[in-house]
Amino acid sequence: MPELPEVETIRRDLSASILGKTFVGVTLNWPRMVQIPSPQAFEQLLKGKTIAGLDRRGKYLIFRLSSGESLILHFGMSGSLLLNPQNQANLHIRAIFRLDDGSRLYLRDPRKLGGIWLVEDENRLDRISRLGPEALDPRLTAEAFVSGAKGHSAPIKAVLLDQSFIAGVGNMYADEALFAARIHPTRRANSLSDEELTRLFHQIRRILEAAIDCCGASISDYRRPDGQPGTAQFVFKVAHRLSEPCPACATPIERIPIRQRGSYFCPNCQHKS
DNA sequence: CACTTTGTTTCCAC
DNA sequence: TGTGGAAACAAAGT
């Protein structure tokens with residue numbers, strides 16, 4: 001699941017082992033992933049370029065190349081990057097990047113929702129430039145989050161998932177943060193008090209940081225680059241726990257759709273008003 | 001077999 | 001123009 005903790009986990013896991021390495025080839029099993037340039041030109045354009053940095057913007061993983069260009073990866077639910085995978089039976093491999101030290105980066109994307117971009121300036125890529133402030137960026141203040149949220153009449157859960165409002169909060173983590181802040185997911189953002197929104201802001205940060213410490217969540221089949229699962233799902237209190245007792249009050253966890261996404265919450269701890 | 005799961009784009013109403 | 005809402009996309013697990 002390419003929510004921030006998974007992407008951030010990949011970035012941290014991979015950085016030390018691929019920085020300074022040079023691309024020598026690419027195999028594309030799903031050419032439609034490559035958005036810019038054409039799949040035919042992609043390999044030639046990438047070949048010979050060295051990975052100078054590994055970064056993240058929202059749910060996008062960004063390879064900074066020595067040429068000044070950026071190789072941008074985005075993969076759908078359960079997608080991940082595997083470094084020299086031992087288990088070749090782990091399929092849904094859409095691209096294989098070969099590096100000059102003989103190692104290989106496998107891009108898994110079972111849902112084929114991902115994309116690959118090679119661009120001179122990522123800020124000119126609409127989907128990057130339209131991202132809102134990073135949830136964990138220290139420059140994002142609670143005050144800015146609160147005032148921004150008050151400009152929306154949509155359900156607070158929908159606002160948290162809006163990447164142009166705040167980047168990096170995925171569905172599961174939005175549910176966990178709302179539970180921790182004791183806020184019902186359908187409440188309109190502009191109906192929340194300053195105190196509630198401030199509480200929510202700090203819980204978002206706490207939840208994301210905790211999930212990164214757990215190396216991401218493997219509720220689906222997400223795997224870290226070394227093939228190991230994350231463990232964040234074991235500390236989830238409501239996400240994907242339909243009908244299980246609320247850890248705070250034992251009321252069964254409920255699920256409702258918001259923006260066609262499953263939203264798990266405790267109807268007792270998270271009041272509607 | 002219908003439903004859920006994921007994030008983003010696209011389309012429509014206001 | 002922008003905001004809210006929903007369908008569509010794709011594929012696999014339950």
# chains A, B, ... in the order shown; residues from 1 in each chain; ligands from 1
>>> interface_residues(of="chain A", to="chain C", cutoff="9 Å", atoms="only C-alpha atoms (C1' of nucleotides)", output="PyMOL selection string")
chain A and resi 110-113+152-154+259-260
>>> write_last_selection(atoms="N, CA and C atoms", output="mmCIF file, in the first residue's frame")
data_model
loop_
_atom_site.group_PDB
_atom_site.id
_atom_site.type_symbol
_atom_site.label_atom_id
_atom_site.label_comp_id
_atom_site.auth_asym_id
_atom_site.auth_seq_id
_atom_site.Cartn_x
_atom_site.Cartn_y
_atom_site.Cartn_z
ATOM 1 N N PRO A 110 0.687 -5.199 -8.399
ATOM 2 C CA PRO A 110 -0.354 -6.151 -8.804
ATOM 3 C C PRO A 110 -1.561 -5.489 -9.461
ATOM 4 N N ARG A 111 -1.928 -4.299 -8.986
ATOM 5 C CA ARG A 111 -3.146 -3.669 -9.515
ATOM 6 C C ARG A 111 -2.892 -2.861 -10.778
ATOM 7 N N LYS A 112 -1.664 -2.771 -11.179
ATOM 8 C CA LYS A 112 -1.318 -2.004 -12.390
ATOM 9 C C LYS A 112 -1.820 -0.560 -12.322
ATOM 10 N N LEU A 113 -1.832 -0.041 -11.115
ATOM 11 C CA LEU A 113 -2.268 1.344 -10.955
ATOM 12 C C LEU A 113 -1.093 2.301 -10.924
ATOM 13 N N HIS A 152 -12.961 23.712 4.298
ATOM 14 C CA HIS A 152 -13.618 22.603 3.602
ATOM 15 C C HIS A 152 -14.896 22.198 4.327
ATOM 16 N N SER A 153 -15.927 21.954 3.552
ATOM 17 C CA SER A 153 -17.175 21.479 4.137
ATOM 18 C C SER A 153 -17.344 19.976 3.958
ATOM 19 N N ALA A 154 -16.396 19.334 3.296
ATOM 20 C CA ALA A 154 -16.471 17.886 3.075
ATOM 21 C C ALA A 154 -16.222 17.164 4.402
ATOM 22 N N ARG A 259 -16.315 8.521 0.372
ATOM 23 C CA ARG A 259 -15.581 8.646 -0.892
ATOM 24 C C ARG A 259 -15.223 7.257 -1.435
ATOM 25 N N GLN A 260 -16.154 6.347 -1.317
ATOM 26 C CA GLN A 260 -15.980 4.967 -1.804
ATOM 27 C C GLN A 260 -14.845 4.236 -1.093
#
>>> residues_around(residues="Leu81 (chain A)", least_positions_apart="6", cutoff="8 Å", atoms="only C-alpha atoms (C1' of nucleotides)", output="ChimeraX atom specification")
/A:10,105-108,224-225
>>> write_last_selection(atoms="N, CA and C atoms", output="tab-separated table (two decimals), in the first residue's frame")
chain	number	residue	atom	x	y	z
A	10	ILE	N	10.32	2.15	2.21
A	10	ILE	CA	11.10	1.75	1.04
A	10	ILE	C	12.29	2.68	0.86
A	105	LEU	N	16.50	-4.10	-9.17
A	105	LEU	CA	15.35	-3.57	-8.46
A	105	LEU	C	14.10	-4.04	-9.18
A	106	TYR	N	13.25	-4.77	-8.48
A	106	TYR	CA	12.00	-5.26	-9.08
A	106	TYR	C	10.86	-4.37	-8.60
A	107	LEU	N	10.08	-3.89	-9.53
A	107	LEU	CA	8.90	-3.10	-9.17
A	107	LEU	C	7.66	-3.97	-9.27
A	108	ARG	N	7.06	-4.26	-8.12
A	108	ARG	CA	5.80	-5.02	-8.09
A	108	ARG	C	4.65	-4.05	-8.07
A	224	ARG	N	8.61	-5.15	2.20
A	224	ARG	CA	9.75	-4.25	2.16
A	224	ARG	C	10.72	-4.73	1.07
A	225	PRO	N	11.70	-3.89	0.73
A	225	PRO	CA	12.63	-4.29	-0.34
A	225	PRO	C	13.35	-5.60	-0.07
>>> select_by_dssp(residues="region 103-141 of chain A", states="strand (DSSP E or B)", output="PyMOL selection string")
chain A and resi 104-108+115-119+134
>>> interface_residues(of="chain B", to="chain A", cutoff="8 Å", atoms="only C-alpha atoms (C1' of nucleotides)", output="number ranges by chain")
B: 5-7
>>> select_by_dssp(residues="region 77-196 of chain A", states="alpha helix (DSSP H)", output="PyMOL selection string")
chain A and resi 126-129+142-149+156-161+171-180+194-196
>>> write_last_selection(atoms="C-alpha atoms", output="tab-separated table (two decimals), in the first residue's frame")
chain	number	residue	atom	x	y	z
A	126	ASP	CA	1.14	18.22	-12.46
A	127	ARG	CA	0.54	15.39	-10.06
A	128	ILE	CA	3.65	16.37	-8.08
A	129	SER	CA	3.15	20.12	-8.17
A	142	ALA	CA	-0.82	22.98	13.36
A	143	GLU	CA	-2.17	26.48	12.79
A	144	ALA	CA	-1.94	26.12	9.01
A	145	PHE	CA	-3.59	22.69	9.15
A	146	VAL	CA	-6.44	24.00	11.30
A	147	SER	CA	-7.15	27.06	9.18
A	148	GLY	CA	-6.89	25.04	5.98
A	149	ALA	CA	-9.30	22.38	7.19
A	156	ILE	CA	-12.99	15.35	7.60
A	157	LYS	CA	-12.03	11.87	6.41
A	158	ALA	CA	-12.32	12.98	2.78
A	159	VAL	CA	-10.23	16.07	3.51
A	160	LEU	CA	-7.46	13.95	5.03
A	161	LEU	CA	-7.37	11.78	1.92
A	171	ASN	CA	-6.87	5.48	4.11
A	172	MET	CA	-5.77	3.29	6.99
A	173	TYR	CA	-3.77	6.03	8.65
A	174	ALA	CA	-6.61	8.51	8.32
A	175	ASP	CA	-8.86	6.06	10.18
A	176	GLU	CA	-6.29	5.53	12.92
A	177	ALA	CA	-5.66	9.26	13.36
A	178	LEU	CA	-9.39	10.04	13.56
A	179	PHE	CA	-9.87	7.33	16.16
A	180	ALA	CA	-6.93	8.56	18.20
A	194	ASP	CA	-9.73	24.46	16.75
A	195	GLU	CA	-9.03	22.14	19.63
A	196	GLU	CA	-10.30	19.09	17.74
